[in-house]
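*Asks:* The structure follows.
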Amino acid sequence: MHDDRSLVEARLRRVLDERIRPAVYPESVPLDVAVWHAPGEPVPVDEGLAAEPEPIAVGARWGAPWGTSWFRVTGTVPEEWAGRTVEARLDLGFDENMPGFQCEGLVYRSDGTPVKGLNPRNQWVRVGAPVEGGEQVRLHIEAASNPVILDYHPFRPTWLGDKDTAGHEPQYTLTRMDLAVFDETVWQLVIDLEVLGELMAELPADAQRRHEILRAVDRALDAVDLQDVNGTAAEARSRLAEVLAAPAVPSAHRISAVGHAHIDSAWLWPLRETVRKVARTTANMTALVEDEPDFVFAMSQAQQWAWVKEHRPEVWARVKKAVAEGRFVPAGGMWVESDTNMPGSEAMARQFVHGKRFFLDEFGIENDEAWLPDTFGFAAGLPQIIRAAGSTRLLTQKISWSQTNKFPHHTFQWEGIDGTRIFTHFPPVDTYNCSMKGSELAHAARNFKDKGRARHSLAPTGWGDGGGGTTREMVAKAARVRDLEGAPTVVWETPGQFFAKAEAEYPDPPVWVGELYLELHRATLTSQAKTKQGNRRSEHLLREAELWAATAAVRTGFRYPYADLDRIWKTVLLHQFHDILPGSSIAWVHREARATYQRLAAELTGITDAAQRALAGEGDRPLLFNAAPHSRGGVPAGGAAREQPSGEVTVSDRPEGGHVLANGLLRIEIDARGLVVSAYDLDADRETIAPGTAANLLQLHPDFPNMWDAWDVDAFYRNAVTDLTQTDELTAGADGVRIVRSFGSSRVTQVLSLQPGERRLLIDTEVDWHETEKFLKLAFPLDVHAERYASETQFGHFHRPTHTNTSWEAAKFEACNHRFVHLEEPGWGVAIVNDSTYGHDVTRSVRTDGDQGTTTTVRASLLRAPRFPDPETDQGIHHFRHALVPGAAIADAVREGWRINLAERRVTGANDVAPLVTVDNDAVVITAVKLADDGSGDVVVRFHEAHGGRARATLTAGFEVADVTVTDLLERPLPDAPEHVGNSVRLRLRPFELVTLRLTRA
């Protein structure tokens, strides 16, 4: 029987490929084609339709990289085709193996009405069903000649990733422009045979069901006349009816299929092209919704919906209609599918604020789920943020990519740092581009890790990234496996319907505590340093602009810039998309991001300057404005006052070579190599630097990962390291100690300094970086024995082990922090704070002085130099600021992390400025002070417990308060009743608890 089975399978493949599939379109006639190539950037639709094209023939090359070509196809339906179904077949030169990563098109009628998108797996446009014969056909195709950049084996550096370097050579060959008869019966036979053939291949070799399918397929192929497929297809289908009608067993795995098209908001294409990818896909999906009554499509990323509304109003009208019918579903409730490791606390909150509010305002729809299938791991603070936004669920796929450890659940409760739990699902189909293949469905059923307790999973179904979304073939396959013996059962459902079923059948799922770490793509914490710096700076500039504008609005009547801040926030949130902020997009994306961040910085600085001038008044009194959440230098948090003198710093020569910095709190010894060999805490009488080691050590590694260049750093990078200890210059001055080093083709200049009265060593680093495939780290070997360390995340911090007892711990050889990393022994600790870096590693090693114990080394990741997808990643000048804080408790780490990111602003004026709100416990950190988004003038304050313990505090407003309301992130009231007395609110917070208050002014 084995030989018979192999013969039937081989026969099926050949007959399908060479006879049956070609017979789907048995007759065709060519269309006349003309083309107009738009100069420069894409033009509006009416301009493209009005342009005068020139004739072009099938077989001609077309499309410079990133160009737009408007094709006009015309023809007449032959009279003899009357009564038959006719479609236009429009192949722009597609490679069907790469849907979404090449040329695409959007078809219009002459009046500008969009019809549908053209993609590698979706090349047809229905003309009539049936036609009368003699119809005139006139279609227009807005075709994008996006170059093919993704080349897996191997990744090749390419200049195609920026229109300024991509050249002008045509990219594609026009392949087919026909009118053709569409034979519905043959097409259905293709689907029948594909479904049964794929199912048969997944069944055990000795399964009765497999042999039943084998015999039915053999009989069906016997019925096909290879010289008259169209005339015999119906009989062949009839011989398959019985095996297709056999129902699934009661215990079959149950799959909720959700129409899906994961579209990266930028990646191997610029933002402007994503606008068009979304338009093509939504045109496709609204058309499919109209054709297929059971089909449901879900789309996330409010930004992408907003693009359709703004740029393609005709498509938007169709989208709104489908949403109203419940068939086109807003998903996720975020502005974009952002990275969740690096965005700061308030930015992560605003992802949900702006995303959910868009869907509420446009459709009145509340999203219960966060939808992040492709994000590169999830920070431990996220569950609380999701819950605070009014959502309760999370879907992701990417954790299935982990290289070392397989996640033990597909459905579970995820617990964050504050104890909040979110019902979470990882689709066991292990793809967010499911195509309803039998192998995918069988994998989902076999792979599902919660068998015996649950039986539902979700399958995001459709081609993404401009591949066109779900196809009619996928819908047809799903119809056959809705209730089919040997296969999981499949039904089209919304994300909400799936989650409701999953929660009902699995009321007490297992719990996973802490971050969802992706054991892959670790280098995204470092690649494209300027993009990351732009994000960090923008987050803090937004904090300042909102704080000072709100303060000035309440105190002086300053006009609060609602619209400007809303627009700027949305721009910053867009750039937190999981291929922009992580640094994994083409050069064009990051070039534009750098320019955008510069523009936003100027605009936000202007808002802050204007508000501070209004607050300070006219005068020549020097004032310091402190936007940090802690007082410093005699200046209150959120206020302005004169700076208070606080001592002096001495700089002296070190007898052994080098220099010594001291300020009465710390004594820093810098040797002749420019390395910190001692950082002595004078109050604690304690050394910070491990014996026999040196800090401020720049280390250079080779960096050539096995695959994803901009995304990955593999563990073997540590096998080779060069310590950068040679100096070109070592000088001391009033500003500190200056060190200059050269290595390779690069140069580093550092200034190490102390400030009066401060327990921190500032390290300012400028790197003129011209290396290739290298990784630069800044190392701090510490004389601290700690089994775990804390790194800041959203609304708190998260502890990771310093050891590698298990494979799970060993896999975290590169991790994320926000503003600080902190290690401590009981009673004494060290913090390393930064103004713009995220990646780091922490290791333990045996002490080198012969004493017992270990050295714990913290290294900040500064720069990489991958060549794909941007061949000049990070080339040029970069500035970093770090600080070593000896003797730091976690409270000091929190405070110094804020301080290094929010420098005081010096303004001359007449008045000190009292804070708009104050809190009397440093453990309670205010992350946002703003006016309410509804324009009411209410003051909104968001804060959290930041030290990891219980906290009592009193928050006091610097204005008359009529009412206080606890709200969610969207500033909607919650039932919690705050203890409100006069202008003060008494607070009791659990560890890391996040609270938003709305203060109504009297």
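Residue numbering restarts at 1 in every chain; chains get A, B, ... in the order shown in the structure tokens, and ligands count up from 1 in that same order.
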Would you please extract all helix (DSSP H, G or I) residues from segment 483-644 of chain A, as assigned by DSSP on the backbone, and give them as JSON, numbers by chain?

*Replies:* {"A": [495, 496, 497, 498, 499, 500, 501, 502, 503, 504, 505, 522, 523, 524, 525, 529, 530, 531, 532, 533, 534, 535, 536, 537, 538, 539, 540, 541, 542, 543, 544, 545, 546, 547, 548, 549, 550, 551, 552, 553, 554, 555, 556, 562, 563, 564, 565, 566, 567, 568, 569, 570, 571, 572, 573, 574, 587, 588, 589, 590, 591, 592, 593, 594, 595, 596, 597, 598, 599, 600, 601, 602, 603, 604, 605, 606, 607, 608, 609, 610, 611, 612, 613, 614, 615, 616]}

*Asks:* Extract, using only C-alpha atoms, all DNA, RNA and protein residues at most 6 Å from segment 98-115 of chain A, discarding same-chain residues fewer than 5 positions from it, and format them as a PDB file with N, CA and C atoms, in the first residue's frame.

*Replies:*
```
ATOM      1  N   PRO A 120       0.827  38.988  -5.416  1.00  0.00           N
ATOM      2  CA  PRO A 120       1.275  37.733  -6.038  1.00  0.00           C
ATOM      3  C   PRO A 120       0.260  36.603  -5.977  1.00  0.00           C
ATOM      4  N   LEU A 139      -9.688  49.465 -16.955  1.00  0.00           N
ATOM      5  CA  LEU A 139      -9.221  49.486 -15.575  1.00  0.00           C
ATOM      6  C   LEU A 139      -7.895  50.240 -15.489  1.00  0.00           C
ATOM      7  N   HIS A 140      -7.655  50.804 -14.325  1.00  0.00           N
ATOM      8  CA  HIS A 140      -6.408  51.528 -14.074  1.00  0.00           C
ATOM      9  C   HIS A 140      -5.718  50.896 -12.871  1.00  0.00           C
ATOM     10  N   ILE A 141      -4.422  50.735 -12.969  1.00  0.00           N
ATOM     11  CA  ILE A 141      -3.656  50.096 -11.897  1.00  0.00           C
ATOM     12  C   ILE A 141      -2.581  51.064 -11.421  1.00  0.00           C
ATOM     13  N   GLU A 142      -2.682  51.449 -10.150  1.00  0.00           N
ATOM     14  CA  GLU A 142      -1.595  52.195  -9.518  1.00  0.00           C
ATOM     15  C   GLU A 142      -0.594  51.167  -9.003  1.00  0.00           C
ATOM     16  N   ALA A 143       0.509  51.016  -9.734  1.00  0.00           N
ATOM     17  CA  ALA A 143       1.464  49.942  -9.453  1.00  0.00           C
ATOM     18  C   ALA A 143       2.725  50.511  -8.813  1.00  0.00           C
ATOM     19  N   ALA A 144       3.120  49.904  -7.701  1.00  0.00           N
ATOM     20  CA  ALA A 144       4.316  50.316  -6.976  1.00  0.00           C
ATOM     21  C   ALA A 144       5.438  49.335  -7.279  1.00  0.00           C
ATOM     22  N   SER A 145       6.541  49.845  -7.771  1.00  0.00           N
ATOM     23  CA  SER A 145       7.684  48.981  -8.076  1.00  0.00           C
ATOM     24  C   SER A 145       8.656  48.960  -6.899  1.00  0.00           C
ATOM     25  N   ASN A 146       8.124  48.537  -5.761  1.00  0.00           N
ATOM     26  CA  ASN A 146       8.977  48.409  -4.574  1.00  0.00           C
ATOM     27  C   ASN A 146      10.013  47.315  -4.822  1.00  0.00           C
ATOM     28  N   PRO A 147      11.273  47.613  -4.591  1.00  0.00           N
ATOM     29  CA  PRO A 147      12.299  46.607  -4.896  1.00  0.00           C
ATOM     30  C   PRO A 147      12.287  45.459  -3.907  1.00  0.00           C
ATOM     31  N   VAL A 148      12.744  44.299  -4.352  1.00  0.00           N
ATOM     32  CA  VAL A 148      12.878  43.142  -3.477  1.00  0.00           C
ATOM     33  C   VAL A 148      14.149  43.314  -2.655  1.00  0.00           C
ATOM     34  N   ARG A 280      -4.387  49.142  -0.313  1.00  0.00           N
ATOM     35  CA  ARG A 280      -4.588  47.978  -1.187  1.00  0.00           C
ATOM     36  C   ARG A 280      -5.229  46.829  -0.418  1.00  0.00           C
ATOM     37  N   ASP A 465       1.892  42.363   5.069  1.00  0.00           N
ATOM     38  CA  ASP A 465       2.923  43.251   4.526  1.00  0.00           C
ATOM     39  C   ASP A 465       2.697  43.614   3.067  1.00  0.00           C
ATOM     40  N   GLY A 466       1.460  43.762   2.679  1.00  0.00           N
ATOM     41  CA  GLY A 466       1.153  44.080   1.295  1.00  0.00           C
ATOM     42  C   GLY A 466       0.913  42.866   0.440  1.00  0.00           C
ATOM     43  N   GLY A 467       0.851  41.682   1.082  1.00  0.00           N
ATOM     44  CA  GLY A 467       0.530  40.472   0.336  1.00  0.00           C
ATOM     45  C   GLY A 467      -0.940  40.360  -0.019  1.00  0.00           C
TER      46      GLY A 467
END
```

*Asks:* Just the number, please: distance in Å from atom CA of Ser585 of chain A to atom CA of Ser791 of chain A, one decimal.

*Replies:*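 These two atoms are separated by 26.7 Å.
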
*Asks:* Between A:His818, A:Arg5, A:Arg480, A:Arg537, single out the one closest to Ile191 of chain A, counting only C-alpha atoms.

*Replies:*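 Smallest distance to Ile191 of chain A is found for A:Arg480.
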
*Asks:* Which residues are close to Thr731 of chain A, i.e. within 9 Å by only C-alpha atoms, leaving aside same-chain residues fewer than 4 positions away? Reply as a list in words.

*Replies:*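 The residues satisfying every condition are Gly658, His659, Gly736, Val737, Arg738 and Ile739 of chain A.
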
*Asks:* Can you write just those residues out, N, CA and C atoms, as a PDB file, in the first residue's frame?

*Replies:*
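Produced file result.pdb, reproduced below:
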```pdb
ATOM      1  N   GLY A 658      47.578  59.301  35.602  1.00  0.00           N
ATOM      2  CA  GLY A 658      46.150  59.537  35.521  1.00  0.00           C
ATOM      3  C   GLY A 658      45.731  60.656  36.450  1.00  0.00           C
ATOM      4  N   HIS A 659      44.471  60.626  36.884  1.00  0.00           N
ATOM      5  CA  HIS A 659      43.935  61.745  37.656  1.00  0.00           C
ATOM      6  C   HIS A 659      42.942  61.245  38.688  1.00  0.00           C
ATOM      7  N   GLY A 736      36.467  68.190  34.021  1.00  0.00           N
ATOM      8  CA  GLY A 736      36.689  66.783  34.319  1.00  0.00           C
ATOM      9  C   GLY A 736      37.892  66.246  33.580  1.00  0.00           C
ATOM     10  N   VAL A 737      37.919  64.928  33.408  1.00  0.00           N
ATOM     11  CA  VAL A 737      39.033  64.262  32.731  1.00  0.00           C
ATOM     12  C   VAL A 737      38.592  63.884  31.328  1.00  0.00           C
ATOM     13  N   ARG A 738      39.406  64.295  30.363  1.00  0.00           N
ATOM     14  CA  ARG A 738      39.093  64.049  28.948  1.00  0.00           C
ATOM     15  C   ARG A 738      39.992  62.941  28.417  1.00  0.00           C
ATOM     16  N   ILE A 739      39.376  61.965  27.732  1.00  0.00           N
ATOM     17  CA  ILE A 739      40.096  60.807  27.200  1.00  0.00           C
ATOM     18  C   ILE A 739      39.747  60.681  25.731  1.00  0.00           C
TER      19      ILE A 739
END
```
